[in-house]
Amino acid sequence: PRLAVLASGRGSNLQAILDAIGDGRLDARVAGVFGDRPKALALERARDAGIPARGLRPRDFASRQDYDAALFAAIAAVEPDLIVCAGYMRLLGAAAIEPWQGRIINIHPSLLPAFKGLDTHARALEAGVAEHGASLHYVTADLDGGPVIAQARVAVHHGDDADALAARVLAVEHPLMLATLQLLCAGRVNLRDTRVELDGQPL
Ligand code: GRF
């Protein structure tokens, strides 16, 4: 399967995907990497790996809809089977997402439905939860609200600050991303009409 990856920043999840493809743990190909910050490290990592990378600046477009349309036209041009949002930090409009329903996923650093949105680690600490983690979910127009595919959990330790907790979560994000992509790329999980299926059977 061909993957398109969307990223805004550091790109450690992208790197985990590239490393897994490189050593044969994931049977897929990254066809393009896209983002809203042309200088993002994620785009650099892609270029270093010989993968087409494209950064579009939202302020170069008249509206969010125009930006989304240009972004998704660029994505469609690499003909992905699956779009992976890996640290892409902007809202995607419903019109852009709609044609890709069931073929666009996002990694979010919380145990959804808890802590949708930003600053999840600080908010988890403030709430005093004992467990935190990351979720891989289908993207829908409902921000961080699409069906969850898989989650990874970590314990919150006494004395954690947001950075310590973020690092512990990031360490499980990469294997979570990989395990989920292995399932999806093998065709073992599908989203159809909001039903999640495993091996072609409804759960
Ligand atoms: C990850 O924590 C991801 O869950 C979040 O943004 C971070 C991206 O990290 N939404 P990276 O760019 O993959 O290193």
# chains A, B, ... in the order shown; residues from 1 in each chain; ligands from 1
>>> closest_atom_pairs(of="chain A", to="ligand 1", cutoff="6 Å", atoms="only C-alpha atoms and all ligand atoms", output="tab-separated table")
residue	atom	partner	partner_atom_place_in_ligand_line	distance
A:Gly9	CA	ligand 1	12 (O)	4.7
A:Arg10	CA	ligand 1	12 (O)	3.9
A:Gly11	CA	ligand 1	12 (O)	3.5
A:Ser12	CA	ligand 1	14 (O)	3.4
A:Asn13	CA	ligand 1	13 (O)	3.6
A:Leu14	CA	ligand 1	13 (O)	5.9
A:Ala86	CA	ligand 1	13 (O)	5.3
A:Gly87	CA	ligand 1	6 (O)	3.6
A:Ile107	CA	ligand 1	4 (O)	5.0
A:His108	CA	ligand 1	4 (O)	4.2
A:Pro109	CA	ligand 1	4 (O)	4.2
A:Leu170	CA	ligand 1	2 (O)	5.7
>>> select_by_dssp(residues="chain A", states="strand (DSSP E)", output="PyMOL selection string")
chain A and resi 2-6+29-35+53-55+82-85+104-108+131-138+148-155+189-192+195-198+201-202
>>> closest_residue(among="A:Val154, A:Ile83, A:Ile149, A:Ala7", to="His132 of chain A", atoms="only C-alpha atoms")
A:Val154
>>> select_by_dssp(residues="segment 18-131 of chain A", states="alpha helix (DSSP H)", output="ChimeraX atom specification")
/A:18-22,41-48,64-77,94-97,120-127
>>> residues_around(residues="Tyr88 of chain A", least_positions_apart="3", cutoff="6 Å", atoms="only C-alpha atoms", output="JSON, numbers by chain")
{"A": [6, 7, 8, 85]}
>>> write_last_selection(atoms="C-alpha atoms", output="CSV table (one decimal), in the first residue's frame")
chain,number,residue,atom,x,y,z
A,6,LEU,CA,0.9,14.6,7.0
A,7,ALA,CA,3.2,16.2,9.6
A,8,SER,CA,3.8,19.6,11.1
A,85,CYS,CA,-1.7,12.2,10.1
>>> atom_distance(atom1="atom CA of Arg153 of chain A", atom2="atom CA of Ala141 of chain A")
25.4 Å
>>> decode(residues="segment 19-155 of chain A", atoms="C-alpha atoms", output="mmCIF file, in the first residue's frame")
data_model
loop_
_atom_site.group_PDB
_atom_site.id
_atom_site.type_symbol
_atom_site.label_atom_id
_atom_site.label_comp_id
_atom_site.auth_asym_id
_atom_site.auth_seq_id
_atom_site.Cartn_x
_atom_site.Cartn_y
_atom_site.Cartn_z
ATOM 1 C CA ASP A 19 12.587 2.773 9.674
ATOM 2 C CA ALA A 20 10.015 -0.038 9.776
ATOM 3 C CA ILE A 21 9.623 -0.012 5.999
ATOM 4 C CA GLY A 22 13.412 0.100 5.651
ATOM 5 C CA ASP A 23 14.002 -3.044 7.660
ATOM 6 C CA GLY A 24 11.014 -4.986 6.382
ATOM 7 C CA ARG A 25 8.698 -4.747 9.406
ATOM 8 C CA LEU A 26 6.096 -2.846 7.395
ATOM 9 C CA ASP A 27 5.088 -3.733 3.869
ATOM 10 C CA ALA A 28 4.222 -0.279 2.550
ATOM 11 C CA ARG A 29 5.695 2.653 0.748
ATOM 12 C CA VAL A 30 5.617 6.336 1.736
ATOM 13 C CA ALA A 31 4.574 8.026 -1.499
ATOM 14 C CA GLY A 32 4.714 11.578 -0.176
ATOM 15 C CA VAL A 33 4.956 13.691 2.964
ATOM 16 C CA PHE A 34 2.908 16.850 3.317
ATOM 17 C CA GLY A 35 2.658 19.602 5.873
ATOM 18 C CA ASP A 36 1.770 23.155 6.764
ATOM 19 C CA ARG A 37 5.321 24.197 7.720
ATOM 20 C CA PRO A 38 7.748 24.053 4.790
ATOM 21 C CA LYS A 39 10.761 24.002 7.139
ATOM 22 C CA ALA A 40 9.499 21.223 9.402
ATOM 23 C CA LEU A 41 11.990 18.528 10.338
ATOM 24 C CA ALA A 42 9.437 15.949 9.170
ATOM 25 C CA LEU A 43 9.735 17.208 5.580
ATOM 26 C CA GLU A 44 13.513 17.162 5.836
ATOM 27 C CA ARG A 45 13.451 13.551 7.037
ATOM 28 C CA ALA A 46 11.330 12.674 4.001
ATOM 29 C CA ARG A 47 13.688 14.372 1.556
ATOM 30 C CA ASP A 48 16.650 12.653 3.226
ATOM 31 C CA ALA A 49 14.898 9.364 2.493
ATOM 32 C CA GLY A 50 14.321 10.362 -1.137
ATOM 33 C CA ILE A 51 10.578 10.849 -0.646
ATOM 34 C CA PRO A 52 8.735 13.775 -2.243
ATOM 35 C CA ALA A 53 7.890 16.314 0.457
ATOM 36 C CA ARG A 54 5.664 19.316 0.097
ATOM 37 C CA GLY A 55 5.025 22.112 2.595
ATOM 38 C CA LEU A 56 2.110 24.427 1.884
ATOM 39 C CA ARG A 57 1.798 27.593 3.950
ATOM 40 C CA PRO A 58 -1.796 28.255 4.985
ATOM 41 C CA ARG A 59 -1.205 32.027 4.822
ATOM 42 C CA ASP A 60 -0.535 31.752 1.089
ATOM 43 C CA PHE A 61 -4.178 30.826 0.576
ATOM 44 C CA ALA A 62 -7.293 32.971 0.687
ATOM 45 C CA SER A 63 -9.230 30.640 2.961
ATOM 46 C CA ARG A 64 -8.898 27.468 4.948
ATOM 47 C CA GLN A 65 -11.002 25.715 2.304
ATOM 48 C CA ASP A 66 -8.596 26.814 -0.444
ATOM 49 C CA TYR A 67 -5.624 25.630 1.603
ATOM 50 C CA ASP A 68 -7.237 22.261 2.330
ATOM 51 C CA ALA A 69 -8.177 21.858 -1.338
ATOM 52 C CA ALA A 70 -4.591 22.516 -2.471
ATOM 53 C CA LEU A 71 -3.181 20.224 0.203
ATOM 54 C CA PHE A 72 -5.504 17.370 -0.680
ATOM 55 C CA ALA A 73 -4.946 17.859 -4.414
ATOM 56 C CA ALA A 74 -1.212 17.427 -3.761
ATOM 57 C CA ILE A 75 -1.913 14.371 -1.619
ATOM 58 C CA ALA A 76 -4.253 12.833 -4.211
ATOM 59 C CA ALA A 77 -1.568 13.282 -6.873
ATOM 60 C CA VAL A 78 0.622 10.661 -5.150
ATOM 61 C CA GLU A 79 -2.345 8.241 -5.191
ATOM 62 C CA PRO A 80 -2.220 7.038 -1.598
ATOM 63 C CA ASP A 81 -4.196 4.085 -0.306
ATOM 64 C CA LEU A 82 -4.022 5.548 3.191
ATOM 65 C CA ILE A 83 -3.361 9.025 4.608
ATOM 66 C CA VAL A 84 -1.575 9.063 7.967
ATOM 67 C CA CYS A 85 -1.706 12.204 10.093
ATOM 68 C CA ALA A 86 1.375 11.965 12.305
ATOM 69 C CA GLY A 87 1.656 15.154 14.292
ATOM 70 C CA TYR A 88 -0.255 17.283 11.808
ATOM 71 C CA MET A 89 -1.369 20.175 13.980
ATOM 72 C CA ARG A 90 -4.138 21.824 11.935
ATOM 73 C CA LEU A 91 -7.842 21.199 11.671
ATOM 74 C CA LEU A 92 -8.865 19.495 8.460
ATOM 75 C CA GLY A 93 -12.130 20.681 6.918
ATOM 76 C CA ALA A 94 -15.017 18.277 6.413
ATOM 77 C CA ALA A 95 -15.059 18.777 2.625
ATOM 78 C CA ALA A 96 -11.412 17.762 2.306
ATOM 79 C CA ILE A 97 -11.758 14.709 4.529
ATOM 80 C CA GLU A 98 -15.024 13.391 3.147
ATOM 81 C CA PRO A 99 -13.680 11.605 0.031
ATOM 82 C CA TRP A 100 -11.066 9.871 2.205
ATOM 83 C CA GLN A 101 -13.348 8.566 4.952
ATOM 84 C CA GLY A 102 -12.017 5.245 6.167
ATOM 85 C CA ARG A 103 -8.660 5.901 4.496
ATOM 86 C CA ILE A 104 -7.352 8.676 6.758
ATOM 87 C CA ILE A 105 -6.066 8.092 10.269
ATOM 88 C CA ASN A 106 -4.502 10.221 13.008
ATOM 89 C CA ILE A 107 -2.347 9.565 16.052
ATOM 90 C CA HIS A 108 -3.434 11.532 19.102
ATOM 91 C CA PRO A 109 -1.516 11.686 22.391
ATOM 92 C CA SER A 110 -4.274 10.708 24.823
ATOM 93 C CA LEU A 111 -6.573 7.812 25.588
ATOM 94 C CA LEU A 112 -9.518 9.076 23.557
ATOM 95 C CA PRO A 113 -12.234 10.079 24.183
ATOM 96 C CA ALA A 114 -10.325 11.730 27.049
ATOM 97 C CA PHE A 115 -8.377 14.911 26.282
ATOM 98 C CA LYS A 116 -9.220 15.739 22.692
ATOM 99 C CA GLY A 117 -7.402 18.788 21.301
ATOM 100 C CA LEU A 118 -4.136 20.363 22.435
ATOM 101 C CA ASP A 119 -1.916 20.167 25.548
ATOM 102 C CA THR A 120 -3.078 16.668 26.364
ATOM 103 C CA HIS A 121 -0.209 15.822 28.727
ATOM 104 C CA ALA A 122 -0.619 18.909 30.933
ATOM 105 C CA ARG A 123 -4.365 18.350 31.013
ATOM 106 C CA ALA A 124 -3.956 14.688 31.978
ATOM 107 C CA LEU A 125 -1.685 15.705 34.859
ATOM 108 C CA GLU A 126 -4.099 18.376 35.974
ATOM 109 C CA ALA A 127 -6.962 15.881 35.937
ATOM 110 C CA GLY A 128 -4.919 13.504 38.095
ATOM 111 C CA VAL A 129 -5.455 10.435 35.916
ATOM 112 C CA ALA A 130 -3.430 7.307 36.773
ATOM 113 C CA GLU A 131 -3.173 6.195 33.136
ATOM 114 C CA HIS A 132 -2.516 8.103 29.948
ATOM 115 C CA GLY A 133 -1.425 7.136 26.456
ATOM 116 C CA ALA A 134 -2.051 7.483 22.749
ATOM 117 C CA SER A 135 -4.799 6.587 20.292
ATOM 118 C CA LEU A 136 -4.841 5.771 16.609
ATOM 119 C CA HIS A 137 -8.199 6.706 15.124
ATOM 120 C CA TYR A 138 -9.996 7.322 11.860
ATOM 121 C CA VAL A 139 -10.247 11.007 11.015
ATOM 122 C CA THR A 140 -13.737 12.443 10.672
ATOM 123 C CA ALA A 141 -14.957 16.037 10.717
ATOM 124 C CA ASP A 142 -15.371 15.651 14.493
ATOM 125 C CA LEU A 143 -11.957 16.755 15.882
ATOM 126 C CA ASP A 144 -10.193 13.772 17.502
ATOM 127 C CA GLY A 145 -13.639 12.143 17.601
ATOM 128 C CA GLY A 146 -13.482 9.516 14.841
ATOM 129 C CA PRO A 147 -13.577 5.783 15.621
ATOM 130 C CA VAL A 148 -10.582 4.536 17.604
ATOM 131 C CA ILE A 149 -8.611 1.676 16.036
ATOM 132 C CA ALA A 150 -6.024 1.004 18.750
ATOM 133 C CA GLN A 151 -4.550 2.533 21.899
ATOM 134 C CA ALA A 152 -1.365 2.270 23.931
ATOM 135 C CA ARG A 153 -1.284 2.993 27.664
ATOM 136 C CA VAL A 154 1.325 4.317 30.062
ATOM 137 C CA ALA A 155 1.234 4.889 33.813
#
